[in-house]
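**Student:** Provided below: model-v6.txt, containing compact mmCIF, C-alpha atoms.
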# COMPACT_ATOMS: atom_id res chain seq x y z
CA MET A 1 0.00 0.00 0.00
CA SER A 2 1.44 3.36 -1.04
CA GLU A 3 1.85 6.45 1.08
CA LEU A 4 -0.65 9.24 0.76
CA ALA A 5 0.50 11.67 -1.89
CA ALA A 6 1.35 15.19 -0.79
CA PRO A 7 -0.64 18.02 -2.34
CA THR A 8 0.70 19.13 -5.72
CA ASP A 9 1.25 22.63 -4.33
CA PRO A 10 3.00 22.48 -0.92
CA SER A 11 1.59 25.89 -0.06
CA GLY A 12 -1.92 24.82 -1.02
CA PRO A 13 -4.98 24.14 1.15
CA THR A 14 -3.72 21.36 3.37
CA GLY A 15 0.02 22.05 3.19
CA PRO A 16 2.81 19.58 3.94
CA SER A 17 2.06 19.16 7.65
CA ALA A 18 -1.48 17.90 7.09
CA SER A 19 -0.37 15.43 4.42
CA ALA A 20 2.49 14.13 6.53
CA GLU A 21 0.17 13.77 9.49
CA PHE A 22 -2.25 11.49 7.64
CA SER A 23 0.43 9.38 6.01
CA VAL A 24 -0.50 6.98 8.82
CA LEU A 25 -2.72 5.38 6.18
CA ARG A 26 0.45 3.83 4.75
CA ASP A 27 0.24 1.32 7.57
CA GLU A 28 -3.44 1.45 8.58
CA ALA A 29 -5.77 0.01 5.95
CA VAL A 30 -8.91 0.19 8.09
CA ILE A 31 -10.85 3.04 9.68
CA ALA A 32 -13.61 2.03 12.07
CA VAL A 33 -16.66 4.27 11.59
CA VAL A 34 -18.86 4.40 14.68
CA ARG A 35 -22.52 5.29 14.35
CA ALA A 36 -24.32 4.44 17.55
CA PRO A 37 -27.00 6.15 19.64
CA LEU A 38 -25.11 5.28 22.81
CA ILE A 39 -21.38 4.91 23.48
CA PRO A 40 -20.77 4.12 27.16
CA ASP A 41 -16.97 4.51 26.98
CA ALA A 42 -15.34 5.88 23.85
CA ALA A 43 -11.81 5.18 25.09
CA ALA A 44 -12.67 1.56 25.89
CA LEU A 45 -14.24 1.20 22.45
CA CYS A 46 -11.04 2.42 20.79
CA ALA A 47 -9.02 0.02 22.95
CA ALA A 48 -11.23 -2.89 21.90
CA LEU A 49 -10.81 -1.99 18.24
CA ALA A 50 -7.04 -1.64 18.61
CA GLU A 51 -6.83 -5.05 20.23
CA GLY A 52 -8.45 -6.39 17.08
CA GLY A 53 -6.00 -4.52 14.85
CA ILE A 54 -7.95 -1.33 13.99
CA ASN A 55 -6.11 1.75 15.22
CA LEU A 56 -8.07 4.55 13.55
CA THR A 57 -11.57 5.39 14.76
CA GLU A 58 -13.98 7.85 13.20
CA PHE A 59 -16.81 9.09 15.37
CA THR A 60 -19.58 10.85 13.47
CA TYR A 61 -21.89 13.80 13.90
CA THR A 62 -24.84 11.40 13.63
CA THR A 63 -23.88 10.22 17.13
CA PRO A 64 -25.19 12.15 20.15
CA ASP A 65 -22.51 13.97 22.18
CA VAL A 66 -19.87 13.18 19.59
CA THR A 67 -17.48 15.91 20.78
CA GLU A 68 -17.50 14.46 24.28
CA HIS A 69 -16.60 11.04 22.88
CA LEU A 70 -13.79 12.61 20.87
CA ARG A 71 -12.40 14.32 23.99
CA LYS A 72 -12.43 11.15 26.07
CA ALA A 73 -10.84 8.99 23.39
CA SER A 74 -8.20 11.51 22.34
CA LYS A 75 -7.23 12.25 25.95
CA ALA A 76 -6.69 8.53 26.40
CA GLY A 77 -4.21 8.65 23.53
CA TRP A 78 -6.26 7.09 20.74
CA ARG A 79 -6.09 8.31 17.16
CA VAL A 80 -9.60 9.56 16.39
CA GLY A 81 -11.29 11.62 13.72
CA VAL A 82 -14.76 12.99 13.18
CA GLY A 83 -16.98 12.22 10.23
CA THR A 84 -20.22 13.35 8.61
CA VAL A 85 -18.79 16.85 8.88
CA LEU A 86 -21.03 19.20 6.92
CA THR A 87 -20.08 22.68 8.12
CA ALA A 88 -17.04 24.71 9.09
CA GLU A 89 -18.42 25.05 12.60
CA GLN A 90 -18.65 21.26 12.97
CA ALA A 91 -15.08 21.00 11.69
CA ARG A 92 -13.83 23.52 14.26
CA ARG A 93 -15.70 21.87 17.13
CA GLY A 94 -14.38 18.46 16.14
CA VAL A 95 -10.77 19.63 16.04
CA GLU A 96 -11.13 21.43 19.37
CA ALA A 97 -12.46 18.18 20.87
CA GLY A 98 -9.41 16.23 19.70
CA ALA A 99 -10.18 15.02 16.19
CA SER A 100 -6.93 14.58 14.27
CA PHE A 101 -8.66 14.20 10.90
CA LEU A 102 -11.98 15.19 9.32
CA VAL A 103 -14.22 13.19 6.99
CA THR A 104 -17.16 14.40 4.90
CA PRO A 105 -19.86 12.47 3.02
CA GLY A 106 -19.45 14.73 -0.03
CA CYS A 107 -17.38 17.64 -1.33
CA ARG A 108 -17.70 20.40 1.29
CA PRO A 109 -15.59 23.46 0.43
CA GLU A 110 -16.16 25.18 3.78
CA VAL A 111 -15.02 22.06 5.66
CA ALA A 112 -11.90 21.86 3.49
CA GLU A 113 -11.17 25.51 4.26
CA ALA A 114 -11.66 24.97 8.01
CA ALA A 115 -9.33 21.97 7.87
CA ALA A 116 -6.69 24.08 6.14
CA VAL A 117 -6.94 26.75 8.84
CA ALA A 118 -6.67 24.12 11.58
CA ARG A 119 -3.86 22.31 9.73
CA VAL A 120 -5.57 18.93 10.00
CA PRO A 121 -6.06 16.48 7.12
CA VAL A 122 -9.47 16.17 5.52
CA VAL A 123 -10.90 13.22 3.62
CA LEU A 124 -13.62 14.50 1.32
CA GLY A 125 -16.42 12.31 0.05
CA ALA A 126 -17.07 11.81 -3.67
CA LEU A 127 -18.54 9.32 -6.09
CA THR A 128 -18.08 10.47 -9.69
CA PRO A 129 -14.77 11.20 -11.46
CA THR A 130 -15.71 14.89 -11.53
CA GLU A 131 -16.29 14.90 -7.79
CA VAL A 132 -12.97 13.14 -7.19
CA ALA A 133 -11.19 15.91 -9.11
CA HIS A 134 -13.09 18.55 -7.14
CA ALA A 135 -12.11 16.93 -3.83
CA VAL A 136 -8.46 16.94 -4.86
CA ASP A 137 -8.69 20.59 -5.90
CA LEU A 138 -10.11 21.41 -2.46
CA GLY A 139 -7.06 19.90 -0.79
CA ALA A 140 -8.27 16.47 0.31
CA VAL A 141 -5.42 14.20 1.43
CA ALA A 142 -7.63 11.27 0.41
CA VAL A 143 -10.99 10.90 -1.31
CA LYS A 144 -13.69 8.76 0.25
CA ILE A 145 -15.73 6.97 -2.41
CA PHE A 146 -19.23 6.73 -0.98
CA PRO A 147 -21.29 4.65 -1.22
CA ALA A 148 -18.67 2.15 -2.39
CA ARG A 149 -21.15 -0.68 -2.66
CA ALA A 150 -23.09 1.22 -5.32
CA PHE A 151 -20.41 0.43 -7.93
CA GLY A 152 -18.34 -2.26 -6.25
CA PRO A 153 -14.58 -2.94 -6.04
CA GLY A 154 -14.11 -2.81 -9.82
CA TYR A 155 -14.99 0.89 -9.79
CA PHE A 156 -11.81 1.61 -7.87
CA LYS A 157 -9.76 0.01 -10.63
CA ASP A 158 -11.62 2.21 -13.13
CA LEU A 159 -10.85 5.36 -11.12
CA ARG A 160 -7.20 4.39 -10.99
CA GLY A 161 -7.02 4.99 -14.75
CA PRO A 162 -7.49 8.79 -14.70
CA TYR A 163 -6.40 9.16 -11.06
CA PRO A 164 -3.46 6.81 -10.46
CA ASP A 165 -2.00 8.92 -7.65
CA VAL A 166 -5.17 9.91 -5.77
CA PRO A 167 -5.54 8.02 -2.48
CA LEU A 168 -9.02 6.46 -2.38
CA VAL A 169 -10.94 5.21 0.64
CA ALA A 170 -13.86 2.79 0.26
CA SER A 171 -16.85 3.57 2.47
CA GLY A 172 -20.40 2.28 2.58
CA GLY A 173 -21.23 -1.40 2.35
CA VAL A 174 -17.69 -2.61 3.07
CA ASN A 175 -17.51 -5.78 5.15
CA ALA A 176 -15.20 -8.68 5.94
CA GLY A 177 -16.42 -10.47 2.84
CA ASN A 178 -15.42 -7.77 0.34
CA ALA A 179 -12.84 -5.52 2.05
CA ALA A 180 -9.84 -7.33 0.58
CA GLU A 181 -11.30 -6.96 -2.90
CA PHE A 182 -11.67 -3.19 -2.51
CA LEU A 183 -8.05 -2.97 -1.38
CA ALA A 184 -6.84 -5.21 -4.18
CA HIS A 185 -8.62 -3.02 -6.75
CA GLY A 186 -6.97 0.20 -5.64
CA ALA A 187 -8.47 1.46 -2.38
CA LEU A 188 -5.80 2.79 -0.03
CA ALA A 189 -8.03 2.03 2.96
CA VAL A 190 -11.54 0.84 3.77
CA CYS A 191 -14.08 1.98 6.33
CA ALA A 192 -15.46 -0.66 8.68
CA GLY A 193 -18.96 0.19 9.87
CA THR A 194 -21.64 -1.96 11.46
CA ASP A 195 -19.83 -5.12 10.37
CA VAL A 196 -17.31 -4.32 13.13
CA VAL A 197 -19.12 -1.84 15.40
CA PRO A 198 -22.82 -2.79 15.43
CA PRO A 199 -24.76 -0.22 17.49
CA ASP A 200 -26.19 -2.82 19.87
CA ALA A 201 -22.75 -4.18 20.76
CA VAL A 202 -21.38 -0.66 21.23
CA ALA A 203 -24.29 0.39 23.44
CA ALA A 204 -23.89 -2.76 25.54
CA GLY A 205 -20.16 -2.18 25.95
CA ASP A 206 -19.48 -5.65 24.56
CA TRP A 207 -15.82 -4.93 23.92
CA ALA A 208 -14.87 -8.59 23.53
CA GLU A 209 -17.34 -8.96 20.67
CA ILE A 210 -16.06 -5.81 18.99
CA THR A 211 -12.48 -7.02 19.31
CA ARG A 212 -13.51 -10.32 17.75
CA ARG A 213 -15.20 -8.53 14.86
CA ALA A 214 -12.24 -6.19 14.35
CA ARG A 215 -9.82 -9.10 14.31
CA ALA A 216 -11.91 -10.94 11.72
CA PHE A 217 -12.13 -7.82 9.55
CA THR A 218 -8.41 -7.08 9.62
CA ALA A 219 -7.62 -10.73 8.95
CA ALA A 220 -9.86 -10.57 5.88
CA CYS A 221 -8.10 -7.40 4.72
CA ALA A 222 -4.75 -9.17 4.90
CA GLY A 223 -5.96 -11.19 1.92
CA ALA A 224 -5.37 -8.12 -0.26
CA GLY A 225 -1.64 -8.66 0.13
CA GLY A 226 -0.97 -5.15 1.51
Render the structure in this file as structure tokens.
**Tutor:**
Amino acid sequence: MSELAAPTDPSGPTGPSASAEFSVLRDEAVIAVVRAPLIPDAAALCAALAEGGINLTEFTYTTPDVTEHLRKASKAGWRVGVGTVLTAEQARRGVEAGASFLVTPGCRPEVAEAAAVARVPVVLGALTPTEVAHAVDLGAVAVKIFPARAFGPGYFKDLRGPYPDVPLVASGGVNAGNAAEFLAHGALAVCAGTDVVPPDAVAAGDWAEITRRARAFTAACAGAGG
């Protein structure tokens, strides 16, 4: 798996520090995306995921009290980001709470601008080739293809034609059964959602079950051959 490419213009929106910061994706092929109405202990959740081999956790603005979860997890030393970021204000609040990266469901210029000001990496969502180009122009360090299941793993190989150097992240409908295929077809990383962090297990604080699911997911990803 290749390192995230730096922006073409080092003085551009994200700058070299943001790109270097998120080069962690060289070694981390999975981001756990948590959407749950109740999270009893965000730090314990991150610990359970890490024990199963997933070291990046994205909490989302669809979760109640998300900034509080970010604070608890980041203070405990876990690498966390915030997703479903739609506005500059959400971006600022997320960073202040400890998010070290931002993720959007689509191209959001004001979020990209807020990320540039805060000097944190942003992963912008896209689906079409035009949207991918727009996300890159806005300074995304990676482009999240969402929903990935809509076109399948082969779509990533197609996107690699015009965009061989754009880091792509597969999100939406990715599970242990298809994650390796997305990686093998050109995704730099994949997002693990309810396949690894089902809301019921999160709400119950069933950390052993989440570790088991994370371990199974990362083992499946190993089939992509890195």
**Student:** Which residues are close to Gly77 in chain A, i.e. within 10 Å by all atoms listed in the file, leaving aside same-chain residues fewer than 3 positions away? Reply as a ChimeraX atom specification.
**Tutor:** /A:43,46-47,71-74,80,98
**Student:** What does the structure give for the distance between CA of Val30 in chain A and CA of Ala192 in chain A, in Å to one decimal?
**Tutor:** 6.6 Å
**Student:** Give me, as a PDB file with C-alpha atoms, in the frame of the given file, all polymer residues having an atom no more than 6 Å from range 101-111 of chain A, counting all atoms listed in the file and skipping those fewer than 5 positions away in the same chain.
**Tutor:**
ATOM      1  CA  GLY A  81     -11.290  11.620  13.720  1.00  0.00           C
ATOM      2  CA  VAL A  82     -14.760  12.990  13.180  1.00  0.00           C
ATOM      3  CA  GLY A  83     -16.980  12.220  10.230  1.00  0.00           C
ATOM      4  CA  THR A  84     -20.220  13.350   8.610  1.00  0.00           C
ATOM      5  CA  VAL A  85     -18.790  16.850   8.880  1.00  0.00           C
ATOM      6  CA  THR A  87     -20.080  22.680   8.120  1.00  0.00           C
ATOM      7  CA  ALA A  88     -17.040  24.710   9.090  1.00  0.00           C
ATOM      8  CA  VAL A 120      -5.570  18.930  10.000  1.00  0.00           C
ATOM      9  CA  PRO A 121      -6.060  16.480   7.120  1.00  0.00           C
ATOM     10  CA  VAL A 122      -9.470  16.170   5.520  1.00  0.00           C
ATOM     11  CA  VAL A 123     -10.900  13.220   3.620  1.00  0.00           C
ATOM     12  CA  LEU A 124     -13.620  14.500   1.320  1.00  0.00           C
ATOM     13  CA  GLY A 125     -16.420  12.310   0.050  1.00  0.00           C
ATOM     14  CA  ALA A 126     -17.070  11.810  -3.670  1.00  0.00           C
ATOM     15  CA  ALA A 135     -12.110  16.930  -3.830  1.00  0.00           C
TER      16      ALA A 135
END
**Student:** Residues at most 10 Å from range 50-58 of chain A, counting all atoms listed in the file, excluding those fewer than 6 positions away in the same chain, as number ranges by chain?
**Tutor:** A: 24-25, 27-35, 42, 44, 70, 73, 78-84, 99-103, 191-193, 196, 207-219
**Student:** Would you please work out which residue, of A:Val202, A:Cys221, A:Leu45, A:Leu188, is nearest to Pro164 in chain A when using all atoms listed in the file?
**Tutor:** A:Leu188
**Student:** Report, in Å to a single decimal, how far apart CA of Pro153 in chain A and CA of Ala179 in chain A are.
**Tutor:** 8.7 Å
**Student:** Would you please work out which residue, of A:Thr128, A:Thr62, A:Gln90, A:Ser171, is nearest to Ala36 in chain A when using only C-alpha atoms?
**Tutor:** A:Thr62
**Student:** When you count all atoms listed in the file, which of these residues is closest to Glu131 in chain A: A:Val143, A:Glu89, A:Ala116, A:Ala148?
**Tutor:** A:Val143
**Student:** Of the residues A:Ala142, A:Ala76, A:Ala114, A:Leu38, which is the one nearest to Arg92 in chain A, using only C-alpha atoms?
**Tutor:** A:Ala114
**Student:** Fewer than 5 positions away in the same chain doesn't count, so skip those; otherwise give me all residues within 9 Å of Ala204 in chain A, counting all atoms listed in the file, as a list in words.
**Tutor:**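 Non-adjacent residues within range: Leu38, Ile39, Pro40 and Pro199 of chain A.
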